>>> print(open('final_21.txt').read())   # compact mmCIF, N, CA and C atoms
# COMPACT_ATOMS: atom_id res chain seq x y z
N MET A 1 70.79 118.82 -0.63
CA MET A 1 71.87 118.87 0.34
C MET A 1 73.21 118.91 -0.40
N THR A 2 74.22 119.38 0.27
CA THR A 2 75.56 119.39 -0.31
C THR A 2 76.48 118.56 0.56
N ALA A 3 77.56 118.14 -0.03
CA ALA A 3 78.52 117.31 0.68
C ALA A 3 79.22 118.10 1.79
N ASP A 4 79.55 117.40 2.87
CA ASP A 4 80.32 117.98 3.97
C ASP A 4 81.81 117.78 3.75
N VAL A 5 82.17 117.04 2.72
CA VAL A 5 83.56 116.70 2.44
C VAL A 5 84.16 117.75 1.52
N ALA A 6 85.39 118.19 1.81
CA ALA A 6 86.06 119.17 0.96
C ALA A 6 86.15 118.66 -0.47
N ALA A 7 85.92 119.53 -1.43
CA ALA A 7 85.86 119.15 -2.83
C ALA A 7 87.22 118.97 -3.49
N SER A 8 88.29 119.36 -2.83
CA SER A 8 89.62 119.28 -3.42
C SER A 8 90.54 118.46 -2.54
N LEU A 9 91.30 117.57 -3.15
CA LEU A 9 92.26 116.75 -2.41
C LEU A 9 93.25 117.62 -1.66
N LYS A 10 93.60 118.78 -2.22
CA LYS A 10 94.56 119.66 -1.55
C LYS A 10 94.00 120.22 -0.25
N ASP A 11 92.67 120.16 -0.08
CA ASP A 11 92.05 120.64 1.15
C ASP A 11 91.83 119.53 2.17
N TRP A 12 92.14 118.29 1.81
CA TRP A 12 92.05 117.18 2.74
C TRP A 12 93.30 117.19 3.62
N SER A 13 93.19 116.66 4.80
CA SER A 13 94.31 116.66 5.74
C SER A 13 94.78 115.24 6.03
N THR A 14 96.03 115.12 6.40
CA THR A 14 96.55 113.82 6.85
C THR A 14 96.25 113.62 8.34
N THR A 15 95.66 114.64 8.96
CA THR A 15 95.24 114.55 10.37
C THR A 15 93.75 114.24 10.39
N LEU A 16 93.38 113.08 10.88
CA LEU A 16 91.99 112.61 10.86
C LEU A 16 91.01 113.65 11.38
N ALA A 17 91.29 114.24 12.51
CA ALA A 17 90.36 115.17 13.14
C ALA A 17 90.18 116.47 12.36
N SER A 18 91.06 116.73 11.41
CA SER A 18 90.96 117.96 10.63
C SER A 18 90.05 117.81 9.41
N ASN A 19 89.64 116.59 9.09
CA ASN A 19 88.80 116.35 7.93
C ASN A 19 87.33 116.42 8.29
N GLN A 20 86.49 116.52 7.26
CA GLN A 20 85.04 116.58 7.40
C GLN A 20 84.42 115.29 6.89
N PRO A 21 83.21 114.98 7.28
CA PRO A 21 82.39 115.63 8.29
C PRO A 21 82.86 115.27 9.69
N GLN A 22 82.35 115.97 10.67
CA GLN A 22 82.81 115.76 12.04
C GLN A 22 81.66 115.33 12.95
N GLY A 23 80.93 114.31 12.51
CA GLY A 23 79.92 113.69 13.37
C GLY A 23 78.53 114.26 13.31
N THR A 24 78.29 115.22 12.41
CA THR A 24 76.96 115.84 12.36
C THR A 24 76.22 115.54 11.07
N THR A 25 76.78 114.71 10.20
CA THR A 25 76.14 114.42 8.92
C THR A 25 75.00 113.44 9.12
N ALA A 26 73.85 113.81 8.57
CA ALA A 26 72.68 112.92 8.63
C ALA A 26 72.86 111.77 7.65
N ILE A 27 72.42 110.58 8.06
CA ILE A 27 72.44 109.44 7.16
C ILE A 27 71.34 109.68 6.13
N GLY A 28 71.60 109.33 4.89
CA GLY A 28 70.62 109.55 3.82
C GLY A 28 71.25 110.39 2.74
N ALA A 29 70.58 111.47 2.36
CA ALA A 29 71.06 112.31 1.26
C ALA A 29 72.45 112.86 1.53
N ASN A 30 72.73 113.30 2.76
CA ASN A 30 74.05 113.84 3.06
C ASN A 30 75.15 112.79 2.89
N LEU A 31 74.88 111.58 3.33
CA LEU A 31 75.86 110.51 3.17
C LEU A 31 76.10 110.25 1.68
N ASP A 32 75.03 110.21 0.90
CA ASP A 32 75.17 110.02 -0.54
C ASP A 32 76.01 111.13 -1.16
N ASP A 33 75.73 112.38 -0.77
CA ASP A 33 76.48 113.51 -1.30
C ASP A 33 77.96 113.40 -0.94
N ASN A 34 78.25 113.00 0.29
CA ASN A 34 79.65 112.86 0.72
C ASN A 34 80.36 111.76 -0.06
N LEU A 35 79.71 110.63 -0.26
CA LEU A 35 80.33 109.54 -1.00
C LEU A 35 80.57 109.95 -2.46
N ARG A 36 79.64 110.66 -3.07
CA ARG A 36 79.84 111.14 -4.44
C ARG A 36 80.99 112.14 -4.51
N GLN A 37 81.09 113.01 -3.50
CA GLN A 37 82.18 113.99 -3.50
C GLN A 37 83.53 113.31 -3.35
N ILE A 38 83.61 112.32 -2.49
CA ILE A 38 84.86 111.57 -2.33
C ILE A 38 85.25 110.90 -3.64
N GLN A 39 84.30 110.29 -4.33
CA GLN A 39 84.59 109.64 -5.61
C GLN A 39 85.09 110.65 -6.63
N THR A 40 84.45 111.81 -6.70
CA THR A 40 84.86 112.85 -7.65
C THR A 40 86.27 113.32 -7.35
N THR A 41 86.56 113.58 -6.08
CA THR A 41 87.86 114.11 -5.68
C THR A 41 88.97 113.10 -5.97
N VAL A 42 88.73 111.83 -5.66
CA VAL A 42 89.74 110.80 -5.92
C VAL A 42 89.93 110.63 -7.43
N ARG A 43 88.86 110.76 -8.20
CA ARG A 43 88.95 110.62 -9.66
C ARG A 43 89.85 111.69 -10.28
N TYR A 44 89.88 112.88 -9.66
CA TYR A 44 90.75 113.94 -10.15
C TYR A 44 92.21 113.49 -10.24
N LEU A 45 92.63 112.56 -9.41
CA LEU A 45 94.01 112.09 -9.42
C LEU A 45 94.40 111.54 -10.79
N TYR A 46 93.43 111.05 -11.53
CA TYR A 46 93.70 110.40 -12.81
C TYR A 46 93.19 111.22 -13.99
N ALA A 47 92.78 112.44 -13.74
CA ALA A 47 92.31 113.32 -14.81
C ALA A 47 93.49 114.09 -15.41
N ALA A 48 93.31 114.55 -16.64
CA ALA A 48 94.33 115.33 -17.32
C ALA A 48 93.78 116.71 -17.65
N ASP A 49 94.67 117.70 -17.68
CA ASP A 49 94.29 119.07 -17.97
C ASP A 49 95.51 119.79 -18.52
N THR A 50 95.33 121.03 -18.94
CA THR A 50 96.45 121.85 -19.42
C THR A 50 96.53 123.12 -18.58
N ILE A 51 97.71 123.71 -18.57
CA ILE A 51 97.94 124.98 -17.90
C ILE A 51 99.01 125.74 -18.67
N ALA A 52 98.83 127.03 -18.81
CA ALA A 52 99.80 127.85 -19.53
C ALA A 52 101.01 128.13 -18.65
N SER A 53 102.19 128.13 -19.25
CA SER A 53 103.39 128.46 -18.49
C SER A 53 103.34 129.92 -18.07
N ALA A 54 103.87 130.18 -16.89
CA ALA A 54 103.98 131.53 -16.33
C ALA A 54 105.15 131.49 -15.36
N THR A 55 105.61 132.63 -14.92
CA THR A 55 106.70 132.64 -13.95
C THR A 55 106.36 131.72 -12.79
N THR A 56 105.16 131.87 -12.23
CA THR A 56 104.62 130.91 -11.27
C THR A 56 103.48 130.18 -11.97
N THR A 57 103.74 128.97 -12.37
CA THR A 57 102.73 128.14 -13.02
C THR A 57 102.05 127.36 -11.91
N ASP A 58 100.91 127.85 -11.46
CA ASP A 58 100.26 127.34 -10.25
C ASP A 58 99.52 126.03 -10.52
N ILE A 59 100.28 124.94 -10.57
CA ILE A 59 99.71 123.64 -10.88
C ILE A 59 98.76 123.14 -9.78
N GLY A 60 98.87 123.69 -8.59
CA GLY A 60 97.98 123.30 -7.51
C GLY A 60 96.55 123.76 -7.71
N THR A 61 96.32 124.71 -8.61
CA THR A 61 94.97 125.19 -8.87
C THR A 61 94.19 124.24 -9.76
N LYS A 62 94.87 123.31 -10.37
CA LYS A 62 94.22 122.36 -11.29
C LYS A 62 93.89 121.07 -10.55
N GLU A 63 92.63 120.65 -10.68
CA GLU A 63 92.15 119.44 -10.02
C GLU A 63 92.42 118.22 -10.89
N SER A 64 93.67 117.97 -11.20
CA SER A 64 94.06 116.81 -11.97
C SER A 64 95.47 116.41 -11.64
N GLY A 65 95.74 115.14 -11.79
CA GLY A 65 97.06 114.61 -11.47
C GLY A 65 98.04 114.69 -12.62
N GLN A 66 97.53 114.93 -13.83
CA GLN A 66 98.37 114.99 -15.02
C GLN A 66 98.12 116.32 -15.72
N LEU A 67 99.17 117.09 -15.88
CA LEU A 67 99.03 118.40 -16.49
C LEU A 67 100.00 118.55 -17.66
N THR A 68 99.52 119.16 -18.72
CA THR A 68 100.38 119.54 -19.83
C THR A 68 100.59 121.04 -19.75
N VAL A 69 101.85 121.44 -19.67
CA VAL A 69 102.20 122.86 -19.61
C VAL A 69 102.44 123.34 -21.03
N THR A 70 101.64 124.34 -21.43
CA THR A 70 101.80 124.94 -22.76
C THR A 70 102.55 126.26 -22.61
N GLY A 71 103.13 126.73 -23.69
CA GLY A 71 103.84 128.00 -23.67
C GLY A 71 105.33 127.85 -23.44
N THR A 72 106.03 128.99 -23.44
CA THR A 72 107.49 128.97 -23.37
C THR A 72 108.04 129.88 -22.27
N THR A 73 107.17 130.38 -21.40
CA THR A 73 107.61 131.27 -20.32
C THR A 73 108.43 130.49 -19.29
N THR A 74 109.56 131.05 -18.88
CA THR A 74 110.40 130.44 -17.84
C THR A 74 109.60 130.25 -16.56
N ILE A 75 109.73 129.08 -15.95
CA ILE A 75 109.01 128.76 -14.72
C ILE A 75 109.98 128.79 -13.54
N THR A 76 109.65 129.61 -12.53
CA THR A 76 110.46 129.68 -11.31
C THR A 76 109.74 129.07 -10.12
N GLY A 77 108.45 128.75 -10.28
CA GLY A 77 107.69 128.15 -9.18
C GLY A 77 106.42 127.51 -9.68
N PHE A 78 105.87 126.61 -8.86
CA PHE A 78 104.65 125.90 -9.20
C PHE A 78 103.49 126.25 -8.29
N GLY A 79 103.61 127.31 -7.50
CA GLY A 79 102.50 127.73 -6.65
C GLY A 79 102.48 127.02 -5.32
N THR A 80 101.48 127.37 -4.50
CA THR A 80 101.39 126.84 -3.14
C THR A 80 100.22 125.88 -3.02
N VAL A 81 100.50 124.71 -2.53
CA VAL A 81 99.50 123.69 -2.26
C VAL A 81 100.02 122.86 -1.09
N SER A 82 99.15 122.14 -0.41
CA SER A 82 99.57 121.40 0.77
C SER A 82 100.65 120.36 0.45
N ALA A 83 101.50 120.12 1.41
CA ALA A 83 102.60 119.17 1.25
C ALA A 83 102.06 117.77 0.92
N GLY A 84 102.78 117.10 0.03
CA GLY A 84 102.44 115.73 -0.33
C GLY A 84 101.66 115.60 -1.62
N ILE A 85 101.08 116.69 -2.10
CA ILE A 85 100.36 116.64 -3.38
C ILE A 85 101.38 116.43 -4.50
N CYS A 86 101.11 115.46 -5.37
CA CYS A 86 102.01 115.15 -6.48
C CYS A 86 101.30 115.37 -7.81
N LYS A 87 102.06 115.79 -8.81
CA LYS A 87 101.54 116.03 -10.15
C LYS A 87 102.53 115.53 -11.19
N TRP A 88 101.99 114.85 -12.22
CA TRP A 88 102.78 114.55 -13.41
C TRP A 88 102.65 115.75 -14.34
N VAL A 89 103.76 116.32 -14.75
CA VAL A 89 103.76 117.52 -15.58
C VAL A 89 104.49 117.20 -16.89
N THR A 90 103.78 117.36 -18.00
CA THR A 90 104.37 117.16 -19.33
C THR A 90 104.47 118.52 -20.01
N PHE A 91 105.59 118.77 -20.64
CA PHE A 91 105.84 120.06 -21.28
C PHE A 91 105.56 119.95 -22.78
N ALA A 92 104.78 120.90 -23.28
CA ALA A 92 104.40 120.88 -24.70
C ALA A 92 105.44 121.53 -25.59
N SER A 93 106.35 122.30 -25.00
CA SER A 93 107.37 122.98 -25.80
C SER A 93 108.60 123.28 -24.95
N VAL A 94 109.53 123.98 -25.54
CA VAL A 94 110.78 124.31 -24.86
C VAL A 94 110.55 125.50 -23.91
N LEU A 95 110.98 125.33 -22.66
CA LEU A 95 111.00 126.42 -21.69
C LEU A 95 112.05 126.09 -20.65
N LEU A 96 112.30 127.02 -19.75
CA LEU A 96 113.32 126.82 -18.73
C LEU A 96 112.66 126.65 -17.36
N LEU A 97 113.03 125.58 -16.65
CA LEU A 97 112.68 125.40 -15.24
C LEU A 97 113.86 125.92 -14.44
N THR A 98 113.63 126.89 -13.57
CA THR A 98 114.71 127.53 -12.84
C THR A 98 114.89 126.87 -11.48
N TYR A 99 116.07 126.28 -11.27
CA TYR A 99 116.39 125.62 -10.00
C TYR A 99 116.44 126.62 -8.85
N ASN A 100 115.92 126.20 -7.70
CA ASN A 100 116.06 126.93 -6.44
C ASN A 100 116.19 125.88 -5.35
N ALA A 101 117.16 126.01 -4.49
CA ALA A 101 117.45 124.99 -3.48
C ALA A 101 116.30 124.78 -2.48
N THR A 102 115.36 125.72 -2.42
CA THR A 102 114.24 125.60 -1.50
C THR A 102 112.91 125.41 -2.22
N SER A 103 112.65 126.23 -3.23
CA SER A 103 111.31 126.26 -3.82
C SER A 103 111.16 125.49 -5.12
N MET A 104 112.26 125.19 -5.81
CA MET A 104 112.18 124.42 -7.06
C MET A 104 113.39 123.50 -7.11
N ILE A 105 113.29 122.41 -6.38
CA ILE A 105 114.39 121.45 -6.26
C ILE A 105 114.35 120.53 -7.48
N LEU A 106 115.38 120.65 -8.30
CA LEU A 106 115.46 119.89 -9.55
C LEU A 106 116.64 118.93 -9.53
N PRO A 107 116.56 117.83 -10.28
CA PRO A 107 117.66 116.86 -10.32
C PRO A 107 118.97 117.52 -10.72
N GLY A 108 120.02 117.19 -10.03
CA GLY A 108 121.34 117.72 -10.33
C GLY A 108 121.57 119.12 -9.81
N GLY A 109 120.54 119.73 -9.21
CA GLY A 109 120.69 121.08 -8.66
C GLY A 109 120.97 122.13 -9.71
N ILE A 110 120.42 121.94 -10.92
CA ILE A 110 120.64 122.89 -12.02
C ILE A 110 119.31 123.19 -12.72
N ASN A 111 119.31 124.27 -13.50
CA ASN A 111 118.15 124.58 -14.33
C ASN A 111 117.94 123.48 -15.36
N ILE A 112 116.71 123.32 -15.80
CA ILE A 112 116.40 122.33 -16.84
C ILE A 112 115.74 123.04 -18.00
N SER A 113 116.29 122.83 -19.19
CA SER A 113 115.66 123.30 -20.42
C SER A 113 114.80 122.14 -20.92
N THR A 114 113.49 122.34 -20.93
CA THR A 114 112.59 121.27 -21.33
C THR A 114 112.54 121.13 -22.84
N ALA A 115 112.03 120.00 -23.27
CA ALA A 115 111.73 119.77 -24.68
C ALA A 115 110.29 119.28 -24.75
N ALA A 116 109.69 119.43 -25.90
CA ALA A 116 108.32 118.96 -26.06
C ALA A 116 108.26 117.47 -25.73
N GLY A 117 107.36 117.10 -24.83
CA GLY A 117 107.20 115.70 -24.44
C GLY A 117 107.93 115.30 -23.18
N ASP A 118 108.83 116.16 -22.67
CA ASP A 118 109.49 115.86 -21.40
C ASP A 118 108.44 115.82 -20.28
N THR A 119 108.68 114.97 -19.29
CA THR A 119 107.73 114.81 -18.19
C THR A 119 108.47 114.86 -16.85
N ALA A 120 107.87 115.58 -15.91
CA ALA A 120 108.42 115.67 -14.54
C ALA A 120 107.37 115.19 -13.56
N PHE A 121 107.81 114.47 -12.53
CA PHE A 121 106.92 114.08 -11.44
C PHE A 121 107.28 114.99 -10.26
N MET A 122 106.35 115.90 -9.93
CA MET A 122 106.61 116.94 -8.94
C MET A 122 105.83 116.66 -7.65
N GLN A 123 106.48 116.90 -6.52
CA GLN A 123 105.85 116.74 -5.21
C GLN A 123 105.93 118.06 -4.46
N SER A 124 104.76 118.49 -3.94
CA SER A 124 104.74 119.69 -3.12
C SER A 124 105.33 119.38 -1.75
N LEU A 125 106.19 120.28 -1.29
CA LEU A 125 106.74 120.19 0.06
C LEU A 125 106.00 121.17 0.98
N GLY A 126 104.97 121.83 0.44
CA GLY A 126 104.21 122.83 1.17
C GLY A 126 104.87 124.20 1.07
N SER A 127 104.14 125.23 1.42
CA SER A 127 104.65 126.61 1.45
C SER A 127 105.24 127.09 0.13
N GLY A 128 104.75 126.58 -0.99
CA GLY A 128 105.25 127.00 -2.30
C GLY A 128 106.53 126.31 -2.74
N ASN A 129 106.95 125.28 -2.01
CA ASN A 129 108.18 124.56 -2.33
C ASN A 129 107.84 123.24 -3.04
N TRP A 130 108.58 122.94 -4.09
CA TRP A 130 108.36 121.74 -4.90
C TRP A 130 109.67 120.99 -5.12
N LYS A 131 109.56 119.69 -5.22
CA LYS A 131 110.73 118.84 -5.51
C LYS A 131 110.39 117.95 -6.70
N CYS A 132 111.28 117.92 -7.66
CA CYS A 132 111.13 117.03 -8.81
C CYS A 132 111.67 115.66 -8.42
N LEU A 133 110.78 114.68 -8.32
CA LEU A 133 111.19 113.33 -7.92
C LEU A 133 111.69 112.51 -9.10
N SER A 134 111.27 112.90 -10.31
CA SER A 134 111.69 112.19 -11.51
C SER A 134 111.56 113.13 -12.69
N TYR A 135 112.53 113.09 -13.59
CA TYR A 135 112.45 113.87 -14.82
C TYR A 135 112.78 112.95 -15.98
N LEU A 136 111.84 112.83 -16.92
CA LEU A 136 112.00 111.92 -18.05
C LEU A 136 112.06 112.73 -19.34
N ARG A 137 113.13 112.57 -20.09
CA ARG A 137 113.27 113.25 -21.37
C ARG A 137 112.43 112.53 -22.43
N ALA A 138 111.90 113.32 -23.36
CA ALA A 138 111.07 112.76 -24.43
C ALA A 138 111.92 111.86 -25.32
>>> encode(input="final_21.txt", output="structure tokens")
Amino acid sequence: MTADVAASLKDWSTTLASNQPQGTTAIGANLDDNLRQIQTTVRYLYAADTIASATTTDIGTKESGQLTVTGTTTITGFGTVSAGICKWVTFASVLLLTYNATSMILPGGINISTAAGDTAFMQSLGSGNWKCLSYLRA
């Protein structure tokens, strides 16, 4: 059997009725599968991974809460993921984060030139829009 629970936190909803399962899961193997899937998905919050910089560095595609961005390509967006998803992003080298008042909200309303070891705490606002809640220089 497979789990009835979505495998990615970004696919979970803050609306109870929108989540799975919806009353049809058999007790036994299905319940075990669902509990294991929930544990795996929650564990992703504390996992680390890397992603290469790109114009749109789609951090929502990575199932981890901590990401190291490699490369030097200017970043103008972080991709589309459901609102409320947060990621710790550490930069491995120098690149430019391009401010946008809607899609890339950065402290001070200006572009940021990163340095190796700088860290940003990013929150998705949904629809491809991100807000930097904290930026820490190395």
>>> residues_around(input="final_21.txt", residues="segment 5-8 of chain A", least_positions_apart="5", cutoff="6 Å", atoms="all atoms listed in the file", output="ChimeraX atom specification")
/A:20-21,34,41
>>> residues_around(input="final_21.txt", residues="segment 93-107 of chain A", least_positions_apart="4", cutoff="7 Å", atoms="only C-alpha atoms", output="VMD selection string")
chain A and resid 70 to 77 111 to 116 128 to 132
>>> residues_near_point(input="final_21.txt", point="(90.7, 115.3, -7.4)", cutoff="7 Å", atoms="all atoms listed in the file", output="number ranges by chain")
A: 7-10, 40-46, 63-65
>>> atom_distance(input="final_21.txt", atom1="atom CA of Thr55 of chain A", atom2="atom C of Ser134 of chain A")
20.1 Å
>>> axis_aligned_box(input="final_21.txt", around="segment 95-108 of chain A", padding_each_side="8 Å", output="lines of an AutoDock Vina configuration file")
center_x = 116.3
center_y = 122.2
center_z = -12.1
size_x = 26.6
size_y = 26.7
size_z = 37.2
>>> closest_residue(input="final_21.txt", among="A:Ser82, A:Asp4, A:Arg36, A:Asp11", to="Thr24 of chain A", atoms="only C-alpha atoms")
A:Asp4
>>> atom_distance(input="final_21.txt", atom1="atom CA of Gly28 of chain A", atom2="atom CA of Thr14 of chain A")
26.5 Å
>>> closest_residue(input="final_21.txt", among="A:Val89, A:Thr68, A:Gly109, A:Ala54", to="Leu136 of chain A", atoms="only C-alpha atoms")
A:Val89
>>> atom_distance(input="final_21.txt", atom1="atom CA of Phe121 of chain A", atom2="atom N of Leu133 of chain A")
5.0 Å
>>> closest_residue(input="final_21.txt", among="A:Ala120, A:Leu31, A:Leu67, A:Ala3", to="Tyr135 of chain A", atoms="only C-alpha atoms")
A:Ala120
>>> select_by_dssp(input="final_21.txt", residues="chain A", states="alpha helix (DSSP H)", output="list in words")
Ala29, Asn30, Leu31, Asp32, Asp33, Asn34, Leu35, Arg36, Gln37, Ile38, Gln39, Thr40, Thr41, Val42 and Arg43 of chain A
>>> write_last_selection(input="final_21.txt", atoms="N, CA and C atoms", output="PDB file, in the frame of the given file")
ATOM      1  N   ALA A  29      70.580 111.470   2.360  1.00  0.00           N
ATOM      2  CA  ALA A  29      71.060 112.310   1.260  1.00  0.00           C
ATOM      3  C   ALA A  29      72.450 112.860   1.530  1.00  0.00           C
ATOM      4  N   ASN A  30      72.730 113.300   2.760  1.00  0.00           N
ATOM      5  CA  ASN A  30      74.050 113.840   3.060  1.00  0.00           C
ATOM      6  C   ASN A  30      75.150 112.790   2.890  1.00  0.00           C
ATOM      7  N   LEU A  31      74.880 111.580   3.330  1.00  0.00           N
ATOM      8  CA  LEU A  31      75.860 110.510   3.170  1.00  0.00           C
ATOM      9  C   LEU A  31      76.100 110.250   1.680  1.00  0.00           C
ATOM     10  N   ASP A  32      75.030 110.210   0.900  1.00  0.00           N
ATOM     11  CA  ASP A  32      75.170 110.020  -0.540  1.00  0.00           C
ATOM     12  C   ASP A  32      76.010 111.130  -1.160  1.00  0.00           C
ATOM     13  N   ASP A  33      75.730 112.380  -0.770  1.00  0.00           N
ATOM     14  CA  ASP A  33      76.480 113.510  -1.300  1.00  0.00           C
ATOM     15  C   ASP A  33      77.960 113.400  -0.940  1.00  0.00           C
ATOM     16  N   ASN A  34      78.250 113.000   0.290  1.00  0.00           N
ATOM     17  CA  ASN A  34      79.650 112.860   0.720  1.00  0.00           C
ATOM     18  C   ASN A  34      80.360 111.760  -0.060  1.00  0.00           C
ATOM     19  N   LEU A  35      79.710 110.630  -0.260  1.00  0.00           N
ATOM     20  CA  LEU A  35      80.330 109.540  -1.000  1.00  0.00           C
ATOM     21  C   LEU A  35      80.570 109.950  -2.460  1.00  0.00           C
ATOM     22  N   ARG A  36      79.640 110.660  -3.070  1.00  0.00           N
ATOM     23  CA  ARG A  36      79.840 111.140  -4.440  1.00  0.00           C
ATOM     24  C   ARG A  36      80.990 112.140  -4.510  1.00  0.00           C
ATOM     25  N   GLN A  37      81.090 113.010  -3.500  1.00  0.00           N
ATOM     26  CA  GLN A  37      82.180 113.990  -3.500  1.00  0.00           C
ATOM     27  C   GLN A  37      83.530 113.310  -3.350  1.00  0.00           C
ATOM     28  N   ILE A  38      83.610 112.320  -2.490  1.00  0.00           N
ATOM     29  CA  ILE A  38      84.860 111.570  -2.330  1.00  0.00           C
ATOM     30  C   ILE A  38      85.250 110.900  -3.640  1.00  0.00           C
ATOM     31  N   GLN A  39      84.300 110.290  -4.330  1.00  0.00           N
ATOM     32  CA  GLN A  39      84.590 109.640  -5.610  1.00  0.00           C
ATOM     33  C   GLN A  39      85.090 110.650  -6.630  1.00  0.00           C
ATOM     34  N   THR A  40      84.450 111.810  -6.700  1.00  0.00           N
ATOM     35  CA  THR A  40      84.860 112.850  -7.650  1.00  0.00           C
ATOM     36  C   THR A  40      86.270 113.320  -7.350  1.00  0.00           C
ATOM     37  N   THR A  41      86.560 113.580  -6.080  1.00  0.00           N
ATOM     38  CA  THR A  41      87.860 114.110  -5.680  1.00  0.00           C
ATOM     39  C   THR A  41      88.970 113.100  -5.970  1.00  0.00           C
ATOM     40  N   VAL A  42      88.730 111.830  -5.660  1.00  0.00           N
ATOM     41  CA  VAL A  42      89.740 110.800  -5.920  1.00  0.00           C
ATOM     42  C   VAL A  42      89.930 110.630  -7.430  1.00  0.00           C
ATOM     43  N   ARG A  43      88.860 110.760  -8.200  1.00  0.00           N
ATOM     44  CA  ARG A  43      88.950 110.620  -9.660  1.00  0.00           C
ATOM     45  C   ARG A  43      89.850 111.690 -10.280  1.00  0.00           C
TER      46      ARG A  43
END
>>> residues_around(input="final_21.txt", residues="Gly117 of chain A", least_positions_apart="2", cutoff="6 Å", atoms="all atoms listed in the file", output="list in words")
Thr90, Phe91, Ala92, Ser93, Ala115, Thr119, Arg137 and Ala138 of chain A
>>> closest_residue(input="final_21.txt", among="A:Gln39, A:Ser124, A:Thr2, A:Gln22", to="Thr80 of chain A", atoms="all atoms listed in the file")
A:Ser124
>>> closest_residue(input="final_21.txt", among="A:Phe78, A:Gln37, A:Gln123, A:Ser18", to="Thr56 of chain A", atoms="only N, CA and C atoms")
A:Phe78
>>> decode(input="final_21.txt", residues="segment 29-44 of chain A", atoms="N, CA and C atoms", output="compact mmCIF listing (two decimals), in the first residue's frame")
# COMPACT_ATOMS: atom_id res chain seq x y z
N ALA A 29 -2.09 -1.32 7.38
CA ALA A 29 -0.94 -0.94 6.54
C ALA A 29 -1.07 0.50 6.04
N ASN A 30 -2.26 0.92 5.63
CA ASN A 30 -2.42 2.29 5.13
C ASN A 30 -2.12 3.32 6.22
N LEU A 31 -2.57 3.06 7.42
CA LEU A 31 -2.30 3.98 8.52
C LEU A 31 -0.79 4.05 8.77
N ASP A 32 -0.13 2.90 8.77
CA ASP A 32 1.32 2.88 8.95
C ASP A 32 2.01 3.68 7.85
N ASP A 33 1.59 3.48 6.61
CA ASP A 33 2.19 4.22 5.49
C ASP A 33 1.99 5.72 5.65
N ASN A 34 0.80 6.13 6.08
CA ASN A 34 0.53 7.56 6.27
C ASN A 34 1.39 8.14 7.39
N LEU A 35 1.53 7.43 8.49
CA LEU A 35 2.35 7.93 9.59
C LEU A 35 3.81 8.03 9.17
N ARG A 36 4.31 7.06 8.42
CA ARG A 36 5.69 7.12 7.94
C ARG A 36 5.88 8.29 6.98
N GLN A 37 4.89 8.53 6.11
CA GLN A 37 5.00 9.65 5.17
C GLN A 37 5.00 10.98 5.90
N ILE A 38 4.17 11.12 6.91
CA ILE A 38 4.14 12.35 7.70
C ILE A 38 5.50 12.58 8.36
N GLN A 39 6.08 11.53 8.93
CA GLN A 39 7.39 11.66 9.58
C GLN A 39 8.46 12.08 8.57
N THR A 40 8.45 11.48 7.39
CA THR A 40 9.42 11.82 6.36
C THR A 40 9.27 13.27 5.93
N THR A 41 8.05 13.70 5.70
CA THR A 41 7.79 15.05 5.22
C THR A 41 8.20 16.09 6.27
N VAL A 42 7.88 15.85 7.53
CA VAL A 42 8.26 16.78 8.59
C VAL A 42 9.78 16.80 8.74
N ARG A 43 10.43 15.66 8.57
CA ARG A 43 11.89 15.58 8.70
C ARG A 43 12.60 16.44 7.65
N TYR A 44 11.97 16.59 6.47
CA TYR A 44 12.55 17.43 5.43
C TYR A 44 12.81 18.86 5.93
